[in-house]
file coords.cif (mmCIF, C-alpha atoms)
data_work
#
loop_
_atom_site.label_atom_id
_atom_site.label_comp_id
_atom_site.auth_asym_id
_atom_site.auth_seq_id
_atom_site.Cartn_x
_atom_site.Cartn_y
_atom_site.Cartn_z
CA MET J 599 7.14 8.48 -21.79
CA THR J 600 7.37 6.39 -18.63
CA GLU J 601 5.00 6.67 -15.66
CA ILE J 602 5.13 4.79 -12.35
CA ARG J 603 2.17 4.87 -9.98
CA TYR J 604 0.50 2.84 -7.26
CA VAL J 605 -1.62 -0.09 -8.42
CA ARG J 606 -5.37 0.52 -8.78
CA ASN J 607 -8.37 -1.80 -8.94
CA SER J 608 -8.62 -1.07 -12.66
CA ASP J 609 -5.16 -2.68 -13.13
CA LYS J 610 -6.32 -6.14 -12.03
CA ASP J 611 -6.44 -7.77 -15.48
CA PHE J 612 -3.01 -6.44 -16.41
CA TRP J 613 -1.61 -7.40 -12.99
CA TYR J 614 -2.67 -11.01 -13.36
CA SER J 615 -1.35 -11.17 -16.93
CA LEU J 616 2.13 -10.91 -15.36
CA ASP J 617 1.67 -12.14 -11.77
CA GLY J 618 0.22 -15.62 -11.41
CA HIS J 619 1.37 -16.04 -7.81
CA LEU J 620 -0.56 -13.39 -5.86
CA PRO J 621 -3.77 -14.80 -4.37
CA GLU J 622 -6.76 -12.74 -5.50
CA ALA J 623 -7.65 -11.78 -1.92
CA GLN J 624 -4.21 -10.17 -1.64
CA PHE J 625 -4.66 -7.97 -4.71
CA GLN J 626 -7.13 -5.68 -2.93
CA ILE J 627 -4.72 -5.44 0.00
CA LYS J 628 -1.94 -4.31 -2.37
CA VAL J 629 -4.28 -1.63 -3.74
CA ASP J 630 -5.47 -0.48 -0.30
CA THR J 631 -1.99 -0.39 1.27
CA LYS J 632 -0.22 0.96 -1.83
CA GLN J 633 2.15 -2.01 -1.79
CA GLY J 634 2.17 -2.39 -5.55
CA TYR J 635 3.23 -0.26 -8.51
CA ILE J 636 2.45 -0.21 -12.21
CA LEU J 637 4.99 0.99 -14.75
CA SER J 638 3.53 2.32 -18.00
CA VAL J 639 5.37 3.17 -21.20
CA ASP J 640 3.57 5.50 -23.61
CA ASP J 641 0.35 5.01 -21.59
CA LYS J 642 0.54 1.20 -21.89
CA PRO J 643 1.10 -0.95 -18.78
CA ALA J 644 4.50 -2.60 -19.08
CA GLY J 645 5.56 -3.86 -15.65
CA LEU J 646 4.81 -4.17 -11.98
CA LEU J 647 6.42 -4.36 -8.57
CA ARG J 648 4.90 -5.62 -5.36
CA TYR J 649 6.23 -5.71 -1.83
CA HIS J 650 5.26 -6.33 1.77
CA LEU J 651 6.82 -5.46 5.12
CA PHE J 652 9.20 -8.14 6.38
CA TRP J 653 9.14 -8.26 10.20
CA ASP J 654 6.35 -5.66 9.81
CA SER J 655 9.06 -3.02 9.44
CA VAL J 656 11.34 -3.64 6.41
CA PRO J 657 10.08 -3.25 2.82
CA PHE J 658 10.67 -6.51 0.93
CA CYS J 659 10.20 -6.56 -2.85
CA THR J 660 8.45 -9.86 -3.57
CA LEU J 661 8.02 -9.44 -7.32
CA LEU J 662 9.45 -7.25 -10.04
CA TYR J 663 8.24 -8.10 -13.53
CA ILE J 664 8.60 -6.25 -16.79
CA GLY J 665 6.54 -7.54 -19.75
CA GLY J 666 8.47 -9.33 -22.50
CA ALA J 667 8.42 -6.59 -25.14
CA TYR J 668 9.73 -4.08 -22.59
CA GLN J 669 12.51 -6.18 -21.06
CA GLY J 670 16.11 -5.09 -21.51
CA ASN J 671 15.33 -1.37 -21.78
CA GLY J 672 16.12 -0.26 -18.22
CA TYR J 673 12.52 -0.28 -16.99
CA GLY J 674 13.24 -2.78 -14.21
CA LYS J 675 16.00 -0.54 -12.88
CA GLN J 676 13.72 2.48 -13.15
CA LEU J 677 10.95 0.72 -11.22
CA MET J 678 13.31 -0.52 -8.49
CA GLU J 679 14.84 2.93 -8.03
CA TYR J 680 11.39 4.50 -7.84
CA TRP J 681 10.37 1.99 -5.15
CA GLU J 682 13.60 2.53 -3.20
CA LYS J 683 13.07 6.30 -3.24
CA ASP J 684 9.44 5.93 -2.18
CA MET J 685 10.48 3.67 0.71
CA SER J 686 13.18 6.15 1.72
CA LEU J 687 10.68 9.04 1.67
CA GLN J 688 8.40 6.96 3.89
CA GLY J 689 11.25 6.71 6.39
CA TYR J 690 12.57 3.21 5.75
CA GLY J 691 16.34 2.92 6.00
CA MET J 692 16.69 -0.46 4.34
CA VAL J 693 14.97 -2.54 1.67
CA LEU J 694 15.17 -6.25 0.89
CA THR J 695 14.55 -8.51 -2.06
CA SER J 696 15.33 -12.08 -3.07
CA THR J 697 15.64 -14.40 -6.04
CA ARG J 698 16.40 -18.04 -6.63
CA ALA J 699 20.06 -18.96 -7.00
CA ASP J 700 19.42 -20.34 -10.49
CA GLU J 701 17.96 -17.06 -11.79
CA ASN J 702 19.89 -14.23 -13.43
CA ALA J 703 18.05 -11.58 -11.38
CA GLN J 704 20.74 -11.91 -8.70
CA HIS J 705 23.19 -10.11 -11.02
CA PHE J 706 20.64 -7.37 -11.73
CA TYR J 707 20.17 -6.68 -8.00
CA ARG J 708 23.90 -6.60 -7.36
CA ARG J 709 24.34 -4.07 -10.20
CA LEU J 710 21.75 -1.91 -8.45
CA GLY J 711 23.86 -1.89 -5.28
CA TYR J 712 22.17 -4.70 -3.36
CA ARG J 713 24.39 -6.84 -1.16
CA ASP J 714 24.00 -10.53 -0.46
CA CYS J 715 22.63 -10.97 3.05
CA GLY J 716 21.68 -14.61 3.31
CA GLY J 717 19.99 -17.59 1.80
CA LEU J 718 17.21 -20.04 2.46
CA VAL J 719 17.17 -23.71 1.55
CA ILE J 720 13.86 -25.54 1.63
CA ASP J 721 14.33 -29.27 1.25
CA ILE J 722 10.84 -30.49 2.01
CA PRO J 723 10.15 -32.49 -1.17
CA ARG J 724 6.79 -30.93 -1.97
CA TYR J 725 8.21 -27.39 -1.65
CA ALA J 726 11.85 -27.95 -2.63
CA GLN J 727 13.45 -25.42 -4.93
CA PRO J 728 16.92 -23.98 -5.52
CA MET J 729 18.32 -21.81 -2.74
CA GLU J 730 16.62 -18.44 -2.31
CA LEU J 731 19.22 -15.65 -2.16
CA PHE J 732 18.42 -12.56 -0.08
CA PHE J 733 19.69 -9.06 -0.82
CA CYS J 734 19.65 -5.84 1.18
CA LYS J 735 20.25 -2.21 0.39
CA GLU J 736 20.43 0.86 2.57
CA THR J 737 18.12 3.64 1.42
CA GLY J 738 20.01 6.31 3.34
CA TRP J 739 16.97 7.74 5.08
CA GLY J 740 15.76 5.79 8.10
CA LEU J 741 19.16 5.56 9.79
CA GLN J 742 19.10 9.26 10.63
CA GLU J 743 15.71 8.76 12.24
CA GLY J 744 16.78 5.67 14.21
CA LYS J 745 14.59 3.33 12.13
CA ILE J 746 15.56 0.01 10.59
#

call {"tool": "encode", "arguments": {"input": "coords.cif", "output": "structure tokens"}}
result
Amino acid sequence: MTEIRYVRNSDKDFWYSLDGHLPEAQFQIKVDTKQGYILSVDDKPAGLLRYHLFWDSVPFCTLLYIGGAYQGNGYGKQLMEYWEKDMSLQGYGMVLTSTRADENAQHFYRRLGYRDCGGLVIDIPRYAQPMELFFCKETGWGLQEGKI
């Protein structure tokens, strides 16, 4: 059985077993603002999703990660669709995400209906990386309400 819920303080050890990029001070913010989710399979934590609000108004998925043993079973799709629905119910008409151009996740997002909407190249040597590809998807809700 699969369960998806907002991240809690008690999830911290599991969270950091998958997410080595989130500064610890930000973890509590994700808990307090409900900007993170935990996916469990048979009562065992298996994946996570975190986001923030781009331009303070557009949900932007900054990390989707499914643990190794659970990858390839549709849990990433399930978690993304749950997040999209939650964002729609909160009144957001669009969601964003991104991935590096050298990662296969770009194909995953396109299969979920995301459209390419731009890219970012950082060529400062200390921070250089492959192009970051940006994707957008309409949730179908916020447009009726005149929201982004």

call {"tool": "residues_near_point", "arguments": {"input": "coords.cif", "point": "(6.3, 12.3, -26.4)", "cutoff": "12 Å", "atoms": "only C-alpha atoms", "output": "number ranges by chain"}}
result
J: 599-600, 639-641

call {"tool": "resolve_selection", "arguments": {"input": "coords.cif", "expression": "the PyMOL selection byres ((chain J and resi 633) around 8)", "output": "PDB file with C-alpha atoms, keeping the file's coordinate frame"}}
result
ATOM      1  CA  TYR J 604       0.500   2.840  -7.260  1.00  0.00           C
ATOM      2  CA  VAL J 605      -1.620  -0.090  -8.420  1.00  0.00           C
ATOM      3  CA  ILE J 627      -4.720  -5.440   0.000  1.00  0.00           C
ATOM      4  CA  LYS J 628      -1.940  -4.310  -2.370  1.00  0.00           C
ATOM      5  CA  VAL J 629      -4.280  -1.630  -3.740  1.00  0.00           C
ATOM      6  CA  ASP J 630      -5.470  -0.480  -0.300  1.00  0.00           C
ATOM      7  CA  THR J 631      -1.990  -0.390   1.270  1.00  0.00           C
ATOM      8  CA  LYS J 632      -0.220   0.960  -1.830  1.00  0.00           C
ATOM      9  CA  GLY J 634       2.170  -2.390  -5.550  1.00  0.00           C
ATOM     10  CA  TYR J 635       3.230  -0.260  -8.510  1.00  0.00           C
ATOM     11  CA  ARG J 648       4.900  -5.620  -5.360  1.00  0.00           C
ATOM     12  CA  TYR J 649       6.230  -5.710  -1.830  1.00  0.00           C
ATOM     13  CA  HIS J 650       5.260  -6.330   1.770  1.00  0.00           C
TER      14      HIS J 650
END

call {"tool": "residues_near_point", "arguments": {"input": "coords.cif", "point": "(24.6, -16.4, 1.3)", "cutoff": "7 Å", "atoms": "all atoms listed in the file", "output": "ChimeraX atom specification"}}
result
/J:714-717,731

call {"tool": "residues_around", "arguments": {"input": "coords.cif", "residues": "Glu701 in chain J", "least_positions_apart": "4", "cutoff": "10 Å", "atoms": "all atoms listed in the file", "output": "mmCIF file with C-alpha atoms, in the frame of the given file"}}
result
data_model
loop_
_atom_site.group_PDB
_atom_site.id
_atom_site.type_symbol
_atom_site.label_atom_id
_atom_site.label_comp_id
_atom_site.auth_asym_id
_atom_site.auth_seq_id
_atom_site.Cartn_x
_atom_site.Cartn_y
_atom_site.Cartn_z
ATOM 1 C CA THR J 697 15.640 -14.400 -6.040
ATOM 2 C CA HIS J 705 23.190 -10.110 -11.020
ATOM 3 C CA PRO J 728 16.920 -23.980 -5.520
ATOM 4 C CA GLU J 730 16.620 -18.440 -2.310
ATOM 5 C CA LEU J 731 19.220 -15.650 -2.160
#

call {"tool": "closest_residue", "arguments": {"input": "coords.cif", "among": "J:Val656, J:Phe706, J:Phe732, J:Ile722", "to": "Gly672 in chain J", "atoms": "all atoms listed in the file"}}
result
J:Phe706

call {"tool": "resolve_selection", "arguments": {"input": "coords.cif", "expression": "the PyMOL selection byres ((chain J and resi 642) around 12)", "output": "mmCIF file with C-alpha atoms, keeping the file's coordinate frame"}}
result
data_model
loop_
_atom_site.group_PDB
_atom_site.id
_atom_site.type_symbol
_atom_site.label_atom_id
_atom_site.label_comp_id
_atom_site.auth_asym_id
_atom_site.auth_seq_id
_atom_site.Cartn_x
_atom_site.Cartn_y
_atom_site.Cartn_z
ATOM 1 C CA MET J 599 7.140 8.480 -21.790
ATOM 2 C CA THR J 600 7.370 6.390 -18.630
ATOM 3 C CA GLU J 601 5.000 6.670 -15.660
ATOM 4 C CA ILE J 602 5.130 4.790 -12.350
ATOM 5 C CA ASP J 609 -5.160 -2.680 -13.130
ATOM 6 C CA PHE J 612 -3.010 -6.440 -16.410
ATOM 7 C CA ILE J 636 2.450 -0.210 -12.210
ATOM 8 C CA LEU J 637 4.990 0.990 -14.750
ATOM 9 C CA SER J 638 3.530 2.320 -18.000
ATOM 10 C CA VAL J 639 5.370 3.170 -21.200
ATOM 11 C CA ASP J 640 3.570 5.500 -23.610
ATOM 12 C CA ASP J 641 0.350 5.010 -21.590
ATOM 13 C CA PRO J 643 1.100 -0.950 -18.780
ATOM 14 C CA ALA J 644 4.500 -2.600 -19.080
ATOM 15 C CA GLY J 645 5.560 -3.860 -15.650
ATOM 16 C CA GLY J 665 6.540 -7.540 -19.750
ATOM 17 C CA ALA J 667 8.420 -6.590 -25.140
ATOM 18 C CA TYR J 668 9.730 -4.080 -22.590
#

call {"tool": "residues_around", "arguments": {"input": "coords.cif", "residues": "range 614-620 of chain J", "least_positions_apart": "4", "cutoff": "9 Å", "atoms": "all atoms listed in the file", "output": "list in words"}}
result
Asp609, Lys610, Gln624, Phe625, Gly645, Leu646, Leu661, Tyr663, Ile664 and Gly665 of chain J

call {"tool": "write_last_selection", "arguments": {"input": "coords.cif", "atoms": "C-alpha atoms", "output": "compact mmCIF listing (two decimals), in the frame of the given file"}}
result
# COMPACT_ATOMS: atom_id res chain seq x y z
CA ASP J 609 -5.16 -2.68 -13.13
CA LYS J 610 -6.32 -6.14 -12.03
CA GLN J 624 -4.21 -10.17 -1.64
CA PHE J 625 -4.66 -7.97 -4.71
CA GLY J 645 5.56 -3.86 -15.65
CA LEU J 646 4.81 -4.17 -11.98
CA LEU J 661 8.02 -9.44 -7.32
CA TYR J 663 8.24 -8.10 -13.53
CA ILE J 664 8.60 -6.25 -16.79
CA GLY J 665 6.54 -7.54 -19.75

call {"tool": "atom_distance", "arguments": {"input": "coords.cif", "atom1": "CA of Pro657 in chain J", "atom2": "CA of Tyr712 in chain J"}}
result
13.7 Å

call {"tool": "closest_residue", "arguments": {"input": "coords.cif", "among": "J:Cys659, J:Val719, J:Ala623, J:Leu677", "to": "Leu694 in chain J", "atoms": "all atoms listed in the file"}}
result
J:Cys659

call {"tool": "atom_distance", "arguments": {"input": "coords.cif", "atom1": "CA of Thr695 in chain J", "atom2": "CA of Phe658 in chain J"}}
result
5.3 Å

call {"tool": "atom_distance", "arguments": {"input": "coords.cif", "atom1": "CA of Arg698 in chain J", "atom2": "CA of Cys734 in chain J"}}
result
14.8 Å

call {"tool": "closest_residue", "arguments": {"input": "coords.cif", "among": "J:Pro723, J:Gly670, J:Gly691, J:Pro621", "to": "Ser655 in chain J", "atoms": "all atoms listed in the file"}}
result
J:Gly691

call {"tool": "decode", "arguments": {"input": "coords.cif", "residues": "range 648-685 of chain J", "atoms": "N, CA, C and O atoms", "output": "compact mmCIF listing (two decimals), in the first residue's frame"}}
result
# COMPACT_ATOMS: atom_id res chain seq x y z
N ARG J 648 10.26 17.78 -2.76
CA ARG J 648 10.24 19.10 -2.13
C ARG J 648 10.06 20.15 -3.20
O ARG J 648 10.40 19.95 -4.36
N TYR J 649 9.50 21.28 -2.77
CA TYR J 649 9.28 22.38 -3.70
C TYR J 649 9.36 23.70 -2.95
O TYR J 649 9.41 23.74 -1.72
N HIS J 650 9.39 24.77 -3.71
CA HIS J 650 9.25 26.12 -3.16
C HIS J 650 8.42 26.93 -4.15
O HIS J 650 8.01 26.41 -5.19
N LEU J 651 8.16 28.16 -3.83
CA LEU J 651 7.37 29.02 -4.73
C LEU J 651 8.31 29.93 -5.52
O LEU J 651 8.94 30.82 -4.95
N PHE J 652 8.40 29.67 -6.81
CA PHE J 652 9.18 30.51 -7.73
C PHE J 652 8.42 31.81 -7.91
O PHE J 652 7.19 31.80 -8.06
N TRP J 653 9.09 32.93 -7.91
CA TRP J 653 8.45 34.25 -7.97
C TRP J 653 7.41 34.42 -6.85
O TRP J 653 6.48 35.19 -6.97
N ASP J 654 7.55 33.65 -5.79
CA ASP J 654 6.61 33.67 -4.66
C ASP J 654 5.19 33.33 -5.07
O ASP J 654 4.25 33.58 -4.31
N SER J 655 5.01 32.72 -6.25
CA SER J 655 3.64 32.45 -6.70
C SER J 655 3.46 31.21 -7.57
O SER J 655 2.34 30.85 -7.87
N VAL J 656 4.55 30.54 -7.96
CA VAL J 656 4.45 29.37 -8.82
C VAL J 656 5.18 28.19 -8.17
O VAL J 656 6.38 28.26 -7.95
N PRO J 657 4.47 27.11 -7.84
CA PRO J 657 5.13 25.95 -7.25
C PRO J 657 6.20 25.37 -8.18
O PRO J 657 5.94 25.14 -9.36
N PHE J 658 7.40 25.18 -7.64
CA PHE J 658 8.54 24.70 -8.39
C PHE J 658 9.12 23.49 -7.67
O PHE J 658 9.67 23.62 -6.57
N CYS J 659 8.98 22.31 -8.26
CA CYS J 659 9.53 21.09 -7.68
C CYS J 659 11.05 21.14 -7.80
O CYS J 659 11.59 21.16 -8.90
N THR J 660 11.73 21.17 -6.65
CA THR J 660 13.18 21.27 -6.65
C THR J 660 13.87 19.92 -6.45
O THR J 660 15.07 19.81 -6.68
N LEU J 661 13.12 18.92 -5.99
CA LEU J 661 13.70 17.59 -5.86
C LEU J 661 12.60 16.54 -5.79
O LEU J 661 11.65 16.66 -5.02
N LEU J 662 12.75 15.54 -6.61
CA LEU J 662 11.94 14.33 -6.57
C LEU J 662 12.94 13.18 -6.49
O LEU J 662 13.81 13.07 -7.35
N TYR J 663 12.82 12.35 -5.45
CA TYR J 663 13.77 11.25 -5.31
C TYR J 663 13.06 10.04 -4.75
O TYR J 663 12.42 10.12 -3.70
N ILE J 664 13.20 8.94 -5.46
CA ILE J 664 12.66 7.66 -5.02
C ILE J 664 13.86 6.77 -4.70
O ILE J 664 14.79 6.65 -5.50
N GLY J 665 13.85 6.16 -3.51
CA GLY J 665 14.96 5.30 -3.09
C GLY J 665 15.21 4.16 -4.06
O GLY J 665 14.28 3.66 -4.71
N GLY J 666 16.45 3.73 -4.16
CA GLY J 666 16.89 2.75 -5.15
C GLY J 666 16.02 1.52 -5.31
O GLY J 666 15.68 1.14 -6.42
N ALA J 667 15.66 0.88 -4.22
CA ALA J 667 14.88 -0.36 -4.30
C ALA J 667 13.48 -0.11 -4.85
O ALA J 667 12.83 -1.04 -5.32
N TYR J 668 13.02 1.12 -4.80
CA TYR J 668 11.66 1.45 -5.21
C TYR J 668 11.59 2.10 -6.60
O TYR J 668 10.51 2.35 -7.11
N GLN J 669 12.74 2.38 -7.19
CA GLN J 669 12.76 3.04 -8.49
C GLN J 669 12.22 2.12 -9.58
O GLN J 669 12.34 0.89 -9.50
N GLY J 670 11.61 2.71 -10.59
CA GLY J 670 11.11 1.95 -11.73
C GLY J 670 9.77 1.27 -11.51
O GLY J 670 9.37 0.43 -12.29
N ASN J 671 9.07 1.64 -10.44
CA ASN J 671 7.77 1.03 -10.13
C ASN J 671 6.61 2.01 -10.20
O ASN J 671 5.52 1.70 -9.71
N GLY J 672 6.83 3.19 -10.77
CA GLY J 672 5.76 4.17 -10.92
C GLY J 672 5.56 5.08 -9.72
O GLY J 672 4.64 5.90 -9.72
N TYR J 673 6.41 4.97 -8.70
CA TYR J 673 6.22 5.80 -7.51
C TYR J 673 6.56 7.27 -7.76
O TYR J 673 5.93 8.15 -7.18
N GLY J 674 7.53 7.53 -8.63
CA GLY J 674 7.85 8.92 -8.97
C GLY J 674 6.67 9.59 -9.65
O GLY J 674 6.31 10.73 -9.32
N LYS J 675 6.06 8.90 -10.57
CA LYS J 675 4.87 9.43 -11.25
C LYS J 675 3.75 9.67 -10.25
O LYS J 675 3.09 10.71 -10.27
N GLN J 676 3.55 8.72 -9.36
CA GLN J 676 2.50 8.83 -8.36
C GLN J 676 2.73 10.05 -7.45
O GLN J 676 1.80 10.81 -7.16
N LEU J 677 3.96 10.27 -7.05
CA LEU J 677 4.29 11.39 -6.19
C LEU J 677 4.13 12.72 -6.92
O LEU J 677 3.57 13.68 -6.37
N MET J 678 4.58 12.79 -8.17
CA MET J 678 4.40 14.02 -8.96
C MET J 678 2.92 14.33 -9.15
O MET J 678 2.50 15.48 -9.00
N GLU J 679 2.13 13.34 -9.50
CA GLU J 679 0.70 13.58 -9.72
C GLU J 679 0.00 14.01 -8.44
O GLU J 679 -0.89 14.85 -8.47
N TYR J 680 0.41 13.46 -7.32
CA TYR J 680 -0.15 13.86 -6.03
C TYR J 680 0.15 15.33 -5.77
O TYR J 680 -0.72 16.11 -5.37
N TRP J 681 1.43 15.72 -5.98
CA TRP J 681 1.85 17.11 -5.79
C TRP J 681 1.08 18.04 -6.72
O TRP J 681 0.57 19.08 -6.29
N GLU J 682 0.97 17.67 -8.00
CA GLU J 682 0.25 18.51 -8.96
C GLU J 682 -1.20 18.72 -8.52
O GLU J 682 -1.72 19.83 -8.59
N LYS J 683 -1.84 17.65 -8.06
CA LYS J 683 -3.23 17.77 -7.62
C LYS J 683 -3.32 18.66 -6.38
O LYS J 683 -4.21 19.50 -6.27
N ASP J 684 -2.40 18.48 -5.44
CA ASP J 684 -2.39 19.31 -4.24
C ASP J 684 -2.21 20.78 -4.62
O ASP J 684 -2.89 21.65 -4.08
N MET J 685 -1.31 21.06 -5.54
CA MET J 685 -1.09 22.44 -5.96
C MET J 685 -2.34 23.00 -6.64
O MET J 685 -2.73 24.14 -6.42
